[in-house]
Amino acid sequence: MITTNLSLRGAHRATWQSHLFRCIHGIASLSLAMTALLYAATVYAEPQHLTILHFNDLHGHVEQVAKLAYEINKIKAENEKKGWFTLVFFGGDLISGTPVSAKYKGEAEITFLNAIHNDASAIGNHDFDQGLDKLVTNMNNSKFPHIAANIYERKGGKLFVKPYIIFNPAHSLKIAVFGLSHPGTPSLTNPTNVATLKFDQPIPVAQKLMPKLEKETNVQIALTHEGVKKDIELAENVKGLDAVIGGHDHVKAENYCNEVKSIPVCQTPPNGEALGRVDLEIDGNKVKELGHELIVMNSAVENDPAVSAIMNPFISSVSKEMKEVVGFANEALPHERDARGTRLGELISRSMKEYTGADFGMMNSGGIRRGLKRGNITRGDIEEVLALPNIVVKVEVTGAEVENLRNHHSESSSYMEWSGLLADAVLDPHKRYTIATIDFLANASPELKKGHVVQDTKKYINDIFTEYIKREKKI
Ligand SMILES: [Zn+2]
């Protein structure tokens, strides 16, 4: 009790306090500590309690959301009984990664965030994947704000969205939450999607904003999508922050939170695998962390029936679609993890070559996730063979670079599957050739980076390969 009493009177976020509470992970022990704090509160003051519930990088995994909703609603109800406040935040990268996301372009995910009364969302690099117009539509359909203090319109210099939002859950309590997006977003999504926007460095933006927020509010929280390293730098360099809630890295459960200058810097694992919980005590303008906990969405967690009912039509419409037969395989088309020169690899490369009219088609063997059996090919099969959301592009390079690509990759583990390039073909090293490939390779391969993209199809490779099979009927 002595330490608890001291903590209420004592210095703002003294390190021994955070050390004391860093050990608290379980809900049961958290409640015990809170009982002690509430007892002390009646003696000295009336500190308030805020629970932040958060997750990030959902990437279209709507099959997980009924579980998230169940936990969120359960904790909110528990908190309400105790007079504690709860805020729900999403840390960016809502879309891209599943057939549901590809089909509805964010509509399913926004429907879910509206249903759980999400309070604010950061803007992730992948949230631009379906184009700026689609992101704006998704934001307009949201019942919560998407916030970013460091994204500006290139023309006119206006902020792209609201920089922050202030919550006022009680007469004497104001909580500011400001958004920060990754400054490298133009190279982390298709650059054409963000050509009209400018992304500033987060730290100076936050340093400029904080004095105003500190004057107006009791608590200041950064909701970011920039990765743990940048979040830690933010906590180190921006005075007065009370918590950093992040996204982007797809962290493992054991790396959920870092303690930086006694404040929590937290990011959950991706794909709706877990819900993060950070508990803060607020006494006037004094804020301290009481504990944090990662709640994993395993089979023991129930589904929220209302959210299940809302989301099931999205999920089942896609599962019906995944059963659609798009063609027939005359023979088995195996493709193992370290396969080289498979017929399936050649066919996928050929579909890109034909679609773009390039001289050659090229696909990395590792990007082909499995083979096909003899018989009917379904849309679901294609989604599993080409599970990564890659866009097809046409790149122009010299014959010398094509030669380098062929030689370099025949030695490395990331083998290239070609179409239109025979093993004994002699190329003119000075002549320019075009290669149809995926945007990932165009951005990652040193040989392709020396060339330039002459066509961006803006179409996913799985769609292009599906169209090819539909055209051929039998492969
Ligand atoms: Zn990201």
# chains A, B, ... in the order shown; residues from 1 in each chain; ligands from 1
$ residues_near_ligand --ligand "ligand 1" --cutoff "12 Å" --atoms "only C-alpha atoms and all ligand atoms" --output "PyMOL selection string"
chain A and resi 56-59+91-97+122-129+181-189+224-228+246-251+267+270-271
$ select_by_dssp --residues "region 169-214 of chain A" --states "alpha helix (DSSP H)" --output "VMD selection string"
chain A and resid 185 to 188 202 to 214
$ atom_distance --atom1 "CA of Val260 (chain A)" --atom2 "CA of Lys82 (chain A)"
29.1 Å
$ closest_atom_pairs --of "region 51-105 of chain A" --to "region 175-180 of chain A" --cutoff "12 Å" --atoms "only C-alpha atoms" --output "Markdown table"
| residue | atom | partner | partner_atom | distance |
| --- | --- | --- | --- | --- |
| A:Thr51 | CA | A:Ile175 | CA | 11.9 |
| A:Ile52 | CA | A:Val177 | CA | 11.3 |
| A:Phe85 | CA | A:Ile175 | CA | 10.8 |
| A:Thr86 | CA | A:Ile175 | CA | 11.3 |
| A:Leu87 | CA | A:Ile175 | CA | 9.9 |
| A:Val88 | CA | A:Val177 | CA | 11.3 |
| A:Phe89 | CA | A:Val177 | CA | 9.6 |
| A:Phe90 | CA | A:Gly179 | CA | 10.6 |
| A:Gly91 | CA | A:Gly179 | CA | 9.1 |
| A:Gly92 | CA | A:Gly179 | CA | 9.9 |
$ atom_distance --atom1 "CA of Glu107 (chain A)" --atom2 "CA of Gln455 (chain A)"
28.5 Å
$ atom_distance --atom1 "CA of Asn330 (chain A)" --atom2 "CA of Gly357 (chain A)"
25.9 Å
$ residues_around --residues "Gln64 (chain A)" --least-positions-apart "2" --cutoff "10 Å" --atoms "only C-alpha atoms" --output "JSON, numbers by chain"
{"A": [58, 60, 61, 62, 66, 67, 68, 69, 271, 272, 273, 274, 297, 298, 303, 308]}
$ write_last_selection --atoms "N, CA and C atoms" --output "compact mmCIF listing (two decimals), in the first residue's frame"
# COMPACT_ATOMS: atom_id res chain seq x y z
N LEU A 58 -4.61 -5.83 -39.97
CA LEU A 58 -5.62 -6.89 -40.12
C LEU A 58 -5.50 -7.56 -41.49
N GLY A 60 -7.25 -7.75 -44.12
CA GLY A 60 -8.42 -8.44 -44.68
C GLY A 60 -8.82 -9.73 -44.01
N HIS A 61 -8.21 -10.06 -42.89
CA HIS A 61 -8.52 -11.35 -42.25
C HIS A 61 -9.82 -11.27 -41.45
N VAL A 62 -10.92 -11.13 -42.17
CA VAL A 62 -12.22 -10.93 -41.52
C VAL A 62 -12.72 -12.19 -40.82
N ALA A 66 -14.89 -11.74 -35.53
CA ALA A 66 -15.95 -12.00 -34.55
C ALA A 66 -15.33 -12.30 -33.17
N LYS A 67 -14.16 -12.90 -33.17
CA LYS A 67 -13.43 -13.15 -31.91
C LYS A 67 -12.94 -11.82 -31.31
N LEU A 68 -12.35 -10.99 -32.16
CA LEU A 68 -11.89 -9.68 -31.67
C LEU A 68 -13.06 -8.91 -31.06
N ALA A 69 -14.21 -8.95 -31.77
CA ALA A 69 -15.40 -8.22 -31.30
C ALA A 69 -15.85 -8.75 -29.94
N ASN A 271 -2.97 -9.77 -38.79
CA ASN A 271 -4.02 -10.68 -39.27
C ASN A 271 -5.08 -11.01 -38.23
N GLY A 272 -5.30 -10.10 -37.27
CA GLY A 272 -6.33 -10.33 -36.25
C GLY A 272 -5.98 -11.47 -35.31
N GLU A 273 -4.70 -11.80 -35.19
CA GLU A 273 -4.28 -12.91 -34.33
C GLU A 273 -4.41 -12.57 -32.84
N ALA A 274 -4.38 -11.28 -32.51
CA ALA A 274 -4.39 -10.90 -31.10
C ALA A 274 -4.92 -9.48 -30.91
N MET A 297 -6.11 -14.51 -29.97
CA MET A 297 -7.42 -14.96 -30.45
C MET A 297 -7.36 -16.45 -30.81
N ASN A 298 -7.21 -17.29 -29.82
CA ASN A 298 -7.13 -18.73 -30.09
C ASN A 298 -8.53 -19.36 -30.06
N ASN A 303 -16.97 -16.33 -30.53
CA ASN A 303 -17.33 -15.38 -31.58
C ASN A 303 -18.47 -14.48 -31.10
N SER A 308 -20.60 -11.79 -36.13
CA SER A 308 -20.62 -12.95 -37.03
C SER A 308 -21.71 -12.79 -38.07
$ closest_residue --among "A:Lys458, A:Pro446, A:Ser419, A:Arg370" --to "Thr192 (chain A)" --atoms "only C-alpha atoms"
A:Lys458
$ closest_residue --among "A:Ser172, A:Ser349, A:Asn150, A:Asn237" --to "Gln201 (chain A)" --atoms "only C-alpha atoms"
A:Asn150
$ closest_residue --among "A:Thr378, A:Ser319, A:Thr437, A:Asn404" --to "Ala358 (chain A)" --atoms "only C-alpha atoms"
A:Thr437
$ residues_around --residues "region 206-212 of chain A" --least-positions-apart "2" --cutoff "8 Å" --atoms "only C-alpha atoms" --output "ChimeraX atom specification"
/A:149,202-204,214-216,220,237-241
$ select_by_dssp --residues "region 304-335 of chain A" --states "strand (DSSP E)" --output "ChimeraX atom specification"
/A:325-329
$ write_last_selection --atoms "C-alpha atoms" --output "CSV table (one decimal), in the first residue's frame"
chain,number,residue,atom,x,y,z
A,325,VAL,CA,-14.2,-23.9,-61.8
A,326,VAL,CA,-12.0,-21.8,-64.1
A,327,GLY,CA,-10.3,-24.5,-66.2
A,328,PHE,CA,-8.9,-28.0,-66.3
A,329,ALA,CA,-5.4,-29.4,-65.8
$ residues_around --residues "Ile147 (chain A)" --least-positions-apart "2" --cutoff "6 Å" --atoms "only C-alpha atoms" --output "MDAnalysis selection string"
chainID A and resid 122 145 161:164 179
$ closest_residue --among "A:Thr268, A:Asn443, A:Thr98, A:Ser262" --to "Leu290 (chain A)" --atoms "only C-alpha atoms"
A:Ser262
$ closest_residue --among "A:Tyr256, A:Lys261, A:Glu336, A:Lys105" --to "Gly276 (chain A)" --atoms "only C-alpha atoms"
A:Tyr256
